[in-house]
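Participant: Take a look at model.cif, mmCIF, C-alpha atoms:
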```cif
data_my_file
#
loop_
_atom_site.label_atom_id
_atom_site.label_comp_id
_atom_site.auth_asym_id
_atom_site.auth_seq_id
_atom_site.Cartn_x
_atom_site.Cartn_y
_atom_site.Cartn_z
CA MET K 1 2.60 5.61 14.12
CA ASN K 2 1.09 9.05 14.10
CA ALA K 3 -2.41 7.70 14.55
CA THR K 4 -4.17 8.05 17.85
CA PRO K 5 -5.11 4.79 19.53
CA ASN K 6 -8.63 4.75 18.14
CA GLU K 7 -7.56 5.24 14.55
CA SER K 8 -6.99 2.22 12.46
CA VAL K 9 -4.22 1.85 9.95
CA HIS K 10 -6.98 0.85 7.52
CA ALA K 11 -8.10 4.47 7.40
CA LEU K 12 -4.85 5.36 5.64
CA SER K 13 -5.85 3.52 2.47
CA GLY K 14 -7.27 6.51 0.59
CA ALA K 15 -4.38 8.81 1.41
CA TYR K 16 -1.97 6.01 0.49
CA VAL K 17 -3.55 5.65 -2.93
CA VAL K 18 -3.07 9.34 -3.73
CA ASP K 19 0.44 9.41 -2.20
CA ALA K 20 -0.70 11.73 0.58
CA LEU K 21 1.01 9.91 3.44
CA ASP K 22 4.26 11.06 4.94
CA GLU K 23 7.15 8.65 4.79
CA THR K 24 6.53 7.07 8.19
CA GLU K 25 2.85 6.53 7.52
CA ARG K 26 3.61 5.08 4.11
CA GLU K 27 6.01 2.58 5.64
CA THR K 28 3.46 1.71 8.28
CA PHE K 29 0.76 1.12 5.73
CA GLU K 30 3.03 -0.84 3.39
CA ALA K 31 4.03 -3.09 6.27
CA HIS K 32 0.38 -3.61 7.07
CA LEU K 33 -0.79 -4.17 3.50
CA PRO K 34 0.57 -7.66 2.76
CA GLY K 35 -1.29 -9.08 5.74
CA CYS K 36 -4.64 -7.38 5.12
CA SER K 37 -6.73 -8.62 2.23
CA ASP K 38 -9.38 -5.96 2.90
CA CYS K 39 -6.88 -3.17 2.45
CA GLN K 40 -5.39 -4.83 -0.64
CA ALA K 41 -8.81 -4.94 -2.28
CA GLU K 42 -9.63 -1.40 -1.23
CA VAL K 43 -6.32 -0.01 -2.47
CA ALA K 44 -6.83 -1.76 -5.81
CA SER K 45 -10.32 -0.37 -6.29
CA LEU K 46 -9.45 3.15 -5.09
CA ARG K 47 -6.48 3.21 -7.47
CA GLU K 48 -8.91 2.67 -10.33
CA ALA K 49 -10.93 5.63 -9.11
CA ALA K 50 -7.88 7.87 -8.63
CA SER K 51 -6.52 7.07 -12.08
CA LEU K 52 -9.78 8.31 -13.61
CA MET K 53 -8.89 11.76 -12.35
CA ALA K 54 -5.91 11.78 -14.70
CA ASP K 55 -8.32 11.72 -17.64
CA ASP K 56 -9.17 15.26 -16.78
CA ALA K 57 -5.52 16.27 -16.86
CA ALA K 58 -4.58 14.62 -20.16
CA LEU K 59 -2.15 16.72 -22.15
CA ALA K 60 -0.22 15.63 -25.21
CA PRO K 61 3.50 15.61 -24.40
CA PRO K 62 6.13 17.04 -26.74
CA SER K 63 7.14 14.51 -29.36
CA ARG K 64 10.76 14.49 -28.16
CA LEU K 65 9.54 12.79 -25.00
CA ARG K 66 8.50 9.80 -27.08
CA ASP K 67 11.90 9.73 -28.77
CA ASN K 68 13.69 9.99 -25.42
CA VAL K 69 11.61 7.23 -23.83
CA LEU K 70 12.14 4.88 -26.75
CA ALA K 71 15.87 5.68 -26.73
CA ASP K 72 16.02 4.98 -22.99
CA ILE K 73 14.46 1.56 -23.17
CA ARG K 74 16.87 0.39 -25.83
CA ASN K 75 19.58 0.40 -23.17
CA VAL K 76 17.63 -1.29 -20.42
CA ARG K 77 16.48 -4.86 -20.12
CA PRO K 78 13.04 -5.50 -18.58
CA MET K 79 13.28 -7.27 -15.26
CA PRO K 80 12.22 -10.91 -15.20
CA PRO K 81 8.67 -11.49 -13.95
CA GLU K 82 9.72 -12.33 -10.45
CA ASN K 83 7.24 -11.96 -7.64
CA GLU K 84 7.43 -9.82 -4.62
CA THR K 85 10.48 -7.73 -5.36
CA ASN K 86 8.69 -4.43 -5.30
CA VAL K 87 6.40 -5.32 -2.46
CA VAL K 88 7.12 -6.20 1.12
CA PRO K 89 8.05 -9.88 0.90
CA LEU K 90 5.69 -10.93 3.60
CA ARG K 91 2.53 -12.73 2.73
CA ARG K 92 0.76 -13.95 5.72
CA ARG K 93 -2.83 -13.37 6.46
CA PRO K 94 -4.67 -15.05 9.28
CA ARG K 95 -7.34 -17.19 7.70
CA ARG K 96 -9.42 -16.69 10.75
CA LEU K 97 -8.90 -14.93 14.00
CA VAL K 98 -9.90 -16.84 17.03
CA ALA K 99 -12.22 -14.12 18.24
CA THR K 100 -12.82 -11.04 16.18
CA ALA K 101 -14.04 -8.99 19.12
CA ALA K 102 -10.80 -9.62 20.91
CA ALA K 103 -8.91 -8.94 17.71
CA ALA K 104 -10.62 -5.58 17.44
CA ALA K 105 -9.72 -4.86 21.02
CA VAL K 106 -6.08 -5.63 20.30
CA ALA K 107 -6.15 -3.50 17.18
CA ALA K 108 -7.68 -0.65 19.14
CA ALA K 109 -4.95 -1.02 21.72
CA VAL K 110 -2.18 -0.68 19.15
CA GLY K 111 -0.08 2.30 20.00
CA ILE K 112 -0.75 2.60 23.72
CA GLY K 113 1.58 -0.05 25.09
CA VAL K 114 3.88 1.64 27.56
CA VAL K 115 6.32 -0.94 28.84
CA ALA K 116 10.04 -0.46 28.29
CA GLU K 117 11.67 -2.51 25.60
CA GLN K 118 13.05 -5.79 26.82
CA PRO K 119 15.85 -7.78 25.30
CA TRP K 120 14.77 -10.98 23.70
CA ARG K 121 16.36 -14.17 24.90
CA ASP K 122 16.02 -17.26 22.79
CA ASP K 123 15.40 -20.64 24.29
CA SER K 124 18.99 -21.80 23.92
CA THR K 125 19.85 -21.16 27.55
CA THR K 126 19.11 -23.74 30.13
CA THR K 127 16.92 -21.43 32.15
CA THR K 128 14.57 -20.45 29.38
CA LEU K 129 14.56 -23.89 27.86
CA THR K 130 13.32 -25.20 31.14
CA ALA K 131 10.75 -22.46 31.34
CA THR K 132 9.65 -23.24 27.80
CA ASP K 133 9.29 -26.90 28.59
CA ARG K 134 7.41 -26.11 31.78
CA VAL K 135 4.90 -24.06 29.80
CA LEU K 136 4.53 -26.73 27.09
CA THR K 137 3.91 -29.44 29.65
CA ALA K 138 1.91 -27.41 32.17
CA ALA K 139 -1.35 -28.96 33.28
CA ASP K 140 -3.18 -25.70 32.64
CA ALA K 141 -1.54 -25.06 29.26
CA LYS K 142 -3.89 -23.60 26.68
CA ARG K 143 -3.19 -23.55 22.98
CA VAL K 144 -4.37 -21.14 20.28
CA SER K 145 -3.39 -21.83 16.68
CA LEU K 146 -3.59 -19.73 13.53
CA ASP K 147 -3.11 -20.94 9.98
CA PHE K 148 -1.81 -18.57 7.33
CA ASP K 149 -2.55 -18.51 3.64
CA ASP K 150 1.01 -19.36 2.70
CA GLY K 151 0.71 -22.67 4.52
CA SER K 152 2.59 -21.60 7.62
CA SER K 153 1.05 -21.75 11.05
CA ALA K 154 1.70 -20.56 14.57
CA THR K 155 0.54 -21.67 17.97
CA VAL K 156 0.65 -19.88 21.28
CA VAL K 157 0.86 -22.09 24.33
CA HIS K 158 -0.04 -20.21 27.49
CA SER K 159 0.16 -21.28 31.09
CA ALA K 160 -1.34 -18.88 33.60
CA ARG K 161 0.14 -20.90 36.44
CA GLU K 162 3.65 -20.69 34.99
CA GLY K 163 3.00 -17.09 34.09
CA ARG K 164 4.60 -17.54 30.65
CA ALA K 165 3.63 -18.04 27.05
CA VAL K 166 5.47 -19.84 24.24
CA LEU K 167 5.11 -19.25 20.52
CA LEU K 168 5.60 -22.19 18.19
CA THR K 169 5.93 -21.46 14.48
CA ARG K 170 5.96 -23.77 11.51
CA ASP K 171 7.27 -22.77 8.05
CA MET K 172 7.43 -19.14 9.10
CA ALA K 173 8.53 -16.71 6.35
CA ALA K 174 11.47 -14.42 7.03
CA PRO K 175 10.59 -10.86 8.00
CA PRO K 176 11.00 -8.18 5.29
CA ARG K 177 14.48 -6.78 4.91
CA GLY K 178 15.24 -4.27 7.64
CA LYS K 179 12.27 -5.50 9.65
CA THR K 180 11.75 -7.92 12.45
CA PHE K 181 8.78 -9.73 13.93
CA GLU K 182 7.99 -8.46 17.38
CA LEU K 183 5.90 -10.38 19.87
CA TRP K 184 3.51 -8.73 22.30
CA LEU K 185 1.59 -9.67 25.40
CA GLN K 186 -1.74 -7.94 25.75
CA ASP K 187 -3.07 -7.19 29.23
CA ASP K 188 -6.71 -7.10 30.19
CA ALA K 189 -6.76 -3.32 29.78
CA GLY K 190 -5.87 -3.85 26.11
CA ALA K 191 -2.31 -2.53 26.34
CA MET K 192 0.42 -4.33 24.38
CA HIS K 193 3.71 -5.10 26.10
CA PRO K 194 6.85 -6.02 24.17
CA ALA K 195 7.64 -9.70 24.57
CA GLY K 196 10.64 -10.23 22.33
CA LEU K 197 11.74 -10.33 18.73
CA MET K 198 11.73 -13.19 16.25
CA ASP K 199 13.83 -13.09 13.09
CA THR K 200 14.47 -16.71 12.27
CA PRO K 201 12.29 -18.13 9.54
CA GLY K 202 11.08 -21.71 9.59
CA ASP K 203 10.18 -23.59 12.75
CA ASN K 204 10.65 -21.74 16.01
CA LYS K 205 9.98 -22.23 19.67
CA VAL K 206 10.08 -18.88 21.42
CA LEU K 207 9.48 -18.17 25.08
CA LEU K 208 7.82 -14.79 25.30
CA GLU K 209 9.49 -12.28 27.57
CA GLY K 210 7.56 -10.96 30.51
CA ASP K 211 4.86 -12.01 32.87
CA ALA K 212 2.06 -13.67 30.97
CA SER K 213 0.03 -14.78 33.96
CA ALA K 214 -2.65 -12.15 33.33
CA ALA K 215 -2.17 -11.89 29.57
CA THR K 216 -5.37 -11.97 27.55
CA GLY K 217 -3.75 -12.03 24.12
CA VAL K 218 -0.56 -12.41 22.13
CA GLY K 219 0.17 -10.38 19.00
CA ILE K 220 2.84 -10.38 16.30
CA THR K 221 3.70 -7.20 14.41
CA VAL K 222 6.28 -6.24 11.81
CA GLU K 223 8.68 -3.67 13.28
CA PRO K 224 11.90 -1.97 12.19
CA ASP K 225 15.07 -3.89 13.03
CA GLY K 226 15.70 -3.80 16.75
CA GLY K 227 12.03 -3.74 17.56
CA SER K 228 9.78 -1.02 18.96
CA GLU K 229 8.61 -0.08 22.42
CA GLU K 230 5.06 -0.17 21.22
CA PRO K 231 3.46 -1.58 18.08
CA THR K 232 3.84 0.68 15.06
CA THR K 233 1.84 -1.54 12.73
CA GLU K 234 -1.27 -3.58 13.05
CA PRO K 235 -0.69 -7.16 14.13
CA ILE K 236 -0.23 -9.74 11.40
CA ALA K 237 -1.44 -12.31 13.89
CA LEU K 238 -3.50 -12.14 17.06
CA PHE K 239 -4.04 -14.92 19.51
CA ASP K 240 -6.93 -14.55 21.93
CA LEU K 241 -5.95 -16.40 25.07
CA SER K 242 -9.31 -15.92 26.76
CA GLU K 243 -10.87 -18.20 24.16
CA ALA K 244 -8.16 -20.82 24.30
CA ASP K 245 -8.94 -24.49 24.73
CA ALA K 246 -7.33 -26.14 27.69
CA MET O 247 -9.43 3.70 -23.10
CA SER O 248 -12.84 3.32 -21.64
CA HIS O 249 -13.83 3.45 -18.03
CA SER O 250 -17.53 2.94 -18.55
CA ALA O 251 -19.47 1.16 -15.90
CA SER O 252 -20.26 -1.73 -18.16
CA ASP O 253 -16.58 -2.47 -18.54
CA ALA O 254 -16.18 -2.99 -14.86
CA SER O 255 -19.39 -4.78 -14.08
CA GLY O 256 -18.90 -8.22 -12.71
CA SER O 257 -15.20 -7.87 -12.07
CA ARG O 258 -13.74 -6.62 -8.84
CA VAL O 259 -11.18 -4.53 -10.62
CA ARG O 260 -10.85 -3.52 -14.21
CA GLY O 261 -9.02 -6.32 -15.88
CA PRO O 262 -7.48 -6.73 -19.28
CA GLU O 263 -10.87 -6.92 -20.94
CA ALA O 264 -11.59 -3.38 -19.82
CA ASP O 265 -8.30 -2.17 -21.20
CA GLY O 266 -9.01 -3.95 -24.42
CA SER O 267 -12.26 -2.18 -25.09
CA ALA O 268 -13.03 -0.94 -28.56
CA ALA O 269 -11.83 2.52 -27.58
CA GLY O 270 -8.20 1.53 -27.22
CA PRO O 271 -5.56 -1.15 -27.34
CA ASP O 272 -5.31 -3.87 -24.72
CA LEU O 273 -2.86 -2.20 -22.37
CA ALA O 274 -2.40 -5.24 -20.19
CA ALA O 275 -1.43 -7.30 -23.24
CA LEU O 276 0.97 -4.57 -24.36
CA LEU O 277 2.58 -4.58 -20.92
CA ARG O 278 2.95 -8.33 -21.08
CA THR O 279 4.56 -8.16 -24.50
CA SER O 280 6.77 -5.28 -23.43
CA ALA O 281 8.04 -7.36 -20.53
CA ARG O 282 9.51 -9.71 -23.13
CA GLY O 283 11.50 -6.83 -24.59
CA ASP O 284 9.17 -5.86 -27.45
CA GLU O 285 9.95 -2.19 -28.07
CA SER O 286 7.16 -1.65 -30.60
CA ALA O 287 4.58 -2.93 -28.11
CA PHE O 288 5.97 -0.47 -25.61
CA ALA O 289 5.75 2.33 -28.17
CA ARG O 290 2.06 1.55 -28.60
CA LEU O 291 1.62 1.46 -24.85
CA TYR O 292 3.28 4.86 -24.67
CA ASP O 293 1.03 6.27 -27.39
CA ALA O 294 -2.06 5.06 -25.56
CA THR O 295 -1.15 6.42 -22.13
CA SER O 296 1.41 9.21 -22.44
CA ALA O 297 -1.10 12.07 -22.54
CA ARG O 298 -2.60 11.01 -19.24
CA ALA O 299 0.82 10.30 -17.73
CA TYR O 300 2.33 13.59 -18.88
CA GLY O 301 -0.80 15.58 -18.06
CA LEU O 302 -0.86 14.14 -14.55
CA ALA O 303 2.83 14.93 -14.08
CA VAL O 304 2.25 18.52 -15.27
CA ARG O 305 -0.60 18.95 -12.83
CA VAL O 306 1.51 17.75 -9.91
CA VAL O 307 4.95 19.23 -10.63
CA ARG O 308 3.68 22.24 -12.60
CA ASP O 309 6.87 22.89 -14.52
CA PRO O 310 6.54 21.26 -17.97
CA SER O 311 10.22 20.42 -18.29
CA GLN O 312 10.24 18.70 -14.91
CA ALA O 313 7.01 16.96 -15.77
CA GLU O 314 8.73 15.70 -18.88
CA GLU O 315 11.60 14.32 -16.82
CA VAL O 316 9.22 12.67 -14.40
CA THR O 317 7.24 11.10 -17.24
CA GLN O 318 10.40 9.88 -18.94
CA GLU O 319 11.66 8.30 -15.70
CA ALA O 320 8.27 6.75 -15.08
CA PHE O 321 8.08 5.15 -18.51
CA LEU O 322 11.56 3.73 -18.12
CA GLU O 323 10.43 2.26 -14.81
CA ILE O 324 7.29 0.90 -16.48
CA TRP O 325 9.46 -0.76 -19.11
CA ARG O 326 11.78 -2.25 -16.48
CA THR O 327 8.99 -3.57 -14.29
CA ALA O 328 6.34 -4.44 -16.89
CA GLY O 329 6.72 -8.10 -15.95
CA ARG O 330 5.63 -7.30 -12.41
CA PHE O 331 2.25 -6.00 -13.48
CA ASP O 332 -0.44 -8.29 -12.14
CA PRO O 333 -3.74 -7.92 -14.03
CA THR O 334 -5.66 -9.57 -11.20
CA ARG O 335 -4.79 -6.64 -8.96
CA GLY O 336 -6.03 -3.83 -11.15
CA SER O 337 -6.01 -2.30 -14.59
CA ALA O 338 -2.88 -1.52 -16.56
CA VAL O 339 -3.68 2.16 -16.78
CA SER O 340 -4.07 2.57 -13.04
CA TRP O 341 -0.81 0.66 -12.51
CA ILE O 342 0.94 3.03 -14.91
CA LEU O 343 -0.59 6.18 -13.47
CA THR O 344 0.13 5.06 -9.91
CA LEU O 345 3.78 4.86 -10.85
CA VAL O 346 3.74 8.25 -12.57
CA HIS O 347 1.93 9.86 -9.66
CA ARG O 348 4.36 8.49 -7.10
CA LYS O 349 7.30 9.83 -9.06
CA ALA O 350 5.65 13.21 -9.56
CA VAL O 351 4.85 13.54 -5.87
CA ASP O 352 8.37 12.49 -4.90
CA ARG O 353 9.68 15.17 -7.23
CA VAL O 354 7.45 17.93 -5.98
CA ARG O 355 8.31 17.13 -2.37
CA SER O 356 12.03 17.28 -2.83
CA ALA O 357 13.32 20.60 -1.66
CA GLU O 358 15.76 20.84 -4.50
CA ALA O 359 12.99 20.51 -7.03
CA ARG O 360 10.98 23.09 -5.16
CA THR O 361 13.56 25.78 -5.78
CA ARG O 362 13.88 24.83 -9.42
CA ARG O 363 10.18 24.59 -10.06
CA ASP O 364 9.73 28.32 -10.30
CA SER O 365 12.51 28.80 -12.78
CA THR O 366 11.44 29.65 -16.26
CA TYR O 367 13.48 26.94 -17.87
CA GLY O 368 11.26 24.83 -20.03
CA GLN O 369 8.38 27.28 -20.15
CA LYS O 370 9.00 27.77 -23.85
CA ASN O 371 8.08 24.17 -24.38
CA GLN O 372 4.69 24.54 -22.83
CA ALA O 373 1.83 23.82 -25.17
CA VAL O 374 4.17 22.46 -27.79
CA GLU O 375 2.15 20.08 -29.88
CA HIS O 376 -0.88 20.48 -27.75
CA ASP O 377 -2.54 18.41 -30.41
CA SER O 378 -5.60 16.32 -30.10
CA THR O 379 -4.36 12.78 -30.13
CA ALA O 380 -6.96 10.06 -30.08
CA GLU O 381 -6.10 9.44 -26.48
CA ALA O 382 -6.58 13.06 -25.49
CA VAL O 383 -9.95 13.29 -27.24
CA GLU O 384 -11.16 10.12 -25.68
CA ALA O 385 -9.84 11.12 -22.30
CA SER O 386 -11.66 14.42 -22.55
CA LEU O 387 -14.95 12.63 -23.18
CA GLU O 388 -14.24 10.45 -20.20
CA ALA O 389 -13.12 13.48 -18.24
CA ARG O 390 -16.60 14.95 -18.51
CA ARG O 391 -18.02 11.93 -16.72
CA VAL O 392 -15.27 12.12 -14.14
CA ARG O 393 -15.98 15.80 -13.54
CA GLN O 394 -19.65 15.02 -13.08
CA ALA O 395 -18.74 12.28 -10.62
CA LEU O 396 -16.44 14.64 -8.76
CA GLY O 397 -19.35 17.05 -8.61
CA SER O 398 -21.29 14.49 -6.60
CA LEU O 399 -18.69 14.63 -3.84
CA THR O 400 -19.06 16.99 -0.93
CA GLU O 401 -17.06 20.17 -1.37
CA VAL O 402 -14.58 19.15 1.31
CA GLN O 403 -14.14 15.66 -0.14
CA ARG O 404 -13.48 17.06 -3.59
CA GLN O 405 -11.07 19.73 -2.41
CA ALA O 406 -9.16 17.30 -0.19
CA LEU O 407 -8.91 14.77 -2.98
CA GLU O 408 -7.75 17.31 -5.57
CA LEU O 409 -5.21 18.94 -3.25
CA ALA O 410 -3.72 15.53 -2.58
CA TYR O 411 -3.89 14.04 -6.05
CA PHE O 412 -3.19 17.03 -8.27
CA LYS O 413 -1.02 19.12 -5.95
CA GLY O 414 0.83 16.38 -4.11
CA TYR O 415 0.10 17.62 -0.59
CA THR O 416 0.10 15.21 2.34
CA HIS O 417 -3.18 14.67 4.15
CA THR O 418 -1.77 16.60 7.10
CA GLU O 419 -1.05 19.58 4.86
CA VAL O 420 -4.49 19.22 3.31
CA ALA O 421 -6.05 19.33 6.77
CA THR O 422 -4.26 22.58 7.53
CA MET O 423 -5.22 24.12 4.19
CA LEU O 424 -8.88 23.23 4.59
CA ASP O 425 -9.06 24.02 8.32
CA LEU O 426 -9.90 20.44 9.13
CA PRO O 427 -8.97 18.75 12.40
CA VAL O 428 -5.73 16.80 11.96
CA GLY O 429 -6.51 13.27 10.93
CA THR O 430 -9.80 13.99 9.20
CA ALA O 431 -8.41 14.94 5.80
CA LYS O 432 -7.38 11.37 5.14
CA THR O 433 -10.93 10.27 5.89
CA ARG O 434 -12.30 12.88 3.45
CA ILE O 435 -9.85 11.70 0.80
CA ARG O 436 -10.86 8.11 1.30
CA ASP O 437 -14.58 8.90 1.35
CA GLY O 438 -14.18 10.95 -1.82
CA LEU O 439 -12.36 8.17 -3.63
CA ILE O 440 -14.96 5.65 -2.55
CA ARG O 441 -17.75 7.83 -3.88
CA LEU O 442 -15.88 8.48 -7.11
CA ARG O 443 -15.26 4.76 -7.48
CA ASP O 444 -18.89 3.87 -6.86
CA THR O 445 -20.25 6.62 -9.08
CA MET O 446 -17.98 5.64 -11.95
CA GLY O 447 -18.56 1.93 -11.36
CA VAL O 448 -14.90 0.93 -11.32
CA GLY O 449 -12.96 -1.38 -9.10
CA GLN O 450 -16.01 -3.08 -7.60
#
```
Can the structure from this file be put into structure tokens for me?

Facilitator:
Amino acid sequence: MNATPNESVHALSGAYVVDALDETERETFEAHLPGCSDCQAEVASLREAASLMADDAALAPPSRLRDNVLADIRNVRPMPPENETNVVPLRRRPRRLVATAAAAAVAAAVGIGVVAEQPWRDDSTTTTLTATDRVLTAADAKRVSLDFDDGSSATVVHSAREGRAVLLTRDMAAPPRGKTFELWLQDDAGAMHPAGLMDTPGDNKVLLEGDASAATGVGITVEPDGGSEEPTTEPIALFDLSEADA
Amino acid sequence: MSHSASDASGSRVRGPEADGSAAGPDLAALLRTSARGDESAFARLYDATSARAYGLAVRVVRDPSQAEEVTQEAFLEIWRTAGRFDPTRGSAVSWILTLVHRKAVDRVRSAEARTRRDSTYGQKNQAVEHDSTAEAVEASLEARRVRQALGSLTEVQRQALELAYFKGYTHTEVATMLDLPVGTAKTRIRDGLIRLRDTMGVGQ
């Protein structure tokens, strides 16, 4: 993202509405939009305002344009009223964030994570399966859950003693085409560190990569296939581990 | 087509009732009917919106013949995707003009178009049938209110908004043109749109 750390992707809404974003910013904002009801409402209302400006430009077109348009449509069938095809097929919005202050801190930290990309390992190997189970059964395990509007939910289980965190998903939607979900561990300075990718929809149990012993939060963002070294979009989910219940 | 404040009061965005005001046909209903393949409904939709669509395209791409192409492509896209229009997310006219604007900006940004834009081809068609359709007359009445509302913006907000919307520049380019620090033009654009929205009483 071109934004500096303190700038929020929300601030792109106006420029998005008047098509004044470059391609990268547009992609960033469109990845952010399905998960942000505030931005959806703002984009809708600002589009109404922008379209008023066209009143001032109104100019009767040549009549052949009408003939050409009506000739064109005779050869083309309208698409069926299917949902989602022309929007990013991701509809998850946290109903509530566990702690909005922490969420803001994570959002502010987007873009300044500086840890090298790490390969994601699933929990199909004996080693990580054991580590996963150790986290899930740890005496100090803390859980933070988020429910999403589409009925899916996700829970982070964190054990400071084990130094690991596990993400459990239920009824997770698939990431948009060409995108992946990337997991992040947030440190107490607010930086986000890559903690693996997650592409499988449905129910998942994912051991986050990296040392989570001092992690204060876990985030999920939508990233291009292959993941990113630092978040390029705002998190679609944020888990505040400092507020977790033991 | 009316954009008066009373049309929008009480609804978050202008819905079908706003499009169906006495001043014009119910555009949302025409889109719905068009989605079922009704060509005459689409012709009426075209008649009610083509002056704004074409005028916007002319503003952005400048060359009338290219504006005509852009408008033609946009209306074909509108026909194809009419079934995807969701009246709960905004008015039909803003959905249509959003599509036209995107296509016009894409056109003006393509380098190939840039070289062709200055050619004289198509100039002879300029002002052909610059007649006063009902839509154009009505739009010009509405345009006066819009111009007044734009006058309530700060100079920088208005310039940034117009450079982006009517000229198709990115916010980064706008910042350079207006000697603004990088990153602030998008804020001016957003602030300007918010003030325009609130002054005109739409999309609340």

Participant: Which residues would end up in the selection if the PyMOL selection byres ((chain K) within 8 of (chain O)) were applied here, given that I need the answer as number ranges by chain?

Facilitator: K: 3, 11-15, 17-22, 41, 44-63, 65-66, 68-70, 72-74, 76-83

Participant: Please indicate the distance in Å from CA of Asp225 in chain K to CA of Lys179 in chain K, rounded to one decimal place.

Facilitator: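 Between these atoms lies a distance of 4.7 Å.
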
Participant: CA of Asp187 in chain K to CA of Thr216 in chain K: how many Å, to one decimal?

Facilitator: 5.6 Å

Participant: Pick the closest to Thr155 in chain K from K:Lys205, K:Leu185, K:Thr28, K:Arg64: which is it, counting only C-alpha atoms?

Facilitator: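 Answer, going by the shortest atom-to-atom distance: K:Lys205.
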
Participant: Return as a list in words the set of residues that the PyMOL selection byres ((chain K and resi 139) around 12) yields on the displayed structure.

Facilitator: Asp133, Arg134, Val135, Leu136, Thr137, Ala138, Asp140, Ala141, Lys142, Arg143, Val157, His158, Ser159, Ala160, Arg161, Glu162 and Ala246 of chain K

Participant: As an exercise, work out the distance from CA of Leu208 in chain K to CA of Gly196 in chain K in Å and give it to one decimal place.

Facilitator: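 CA of Leu208 in chain K sits 6.1 Å away from CA of Gly196 in chain K.
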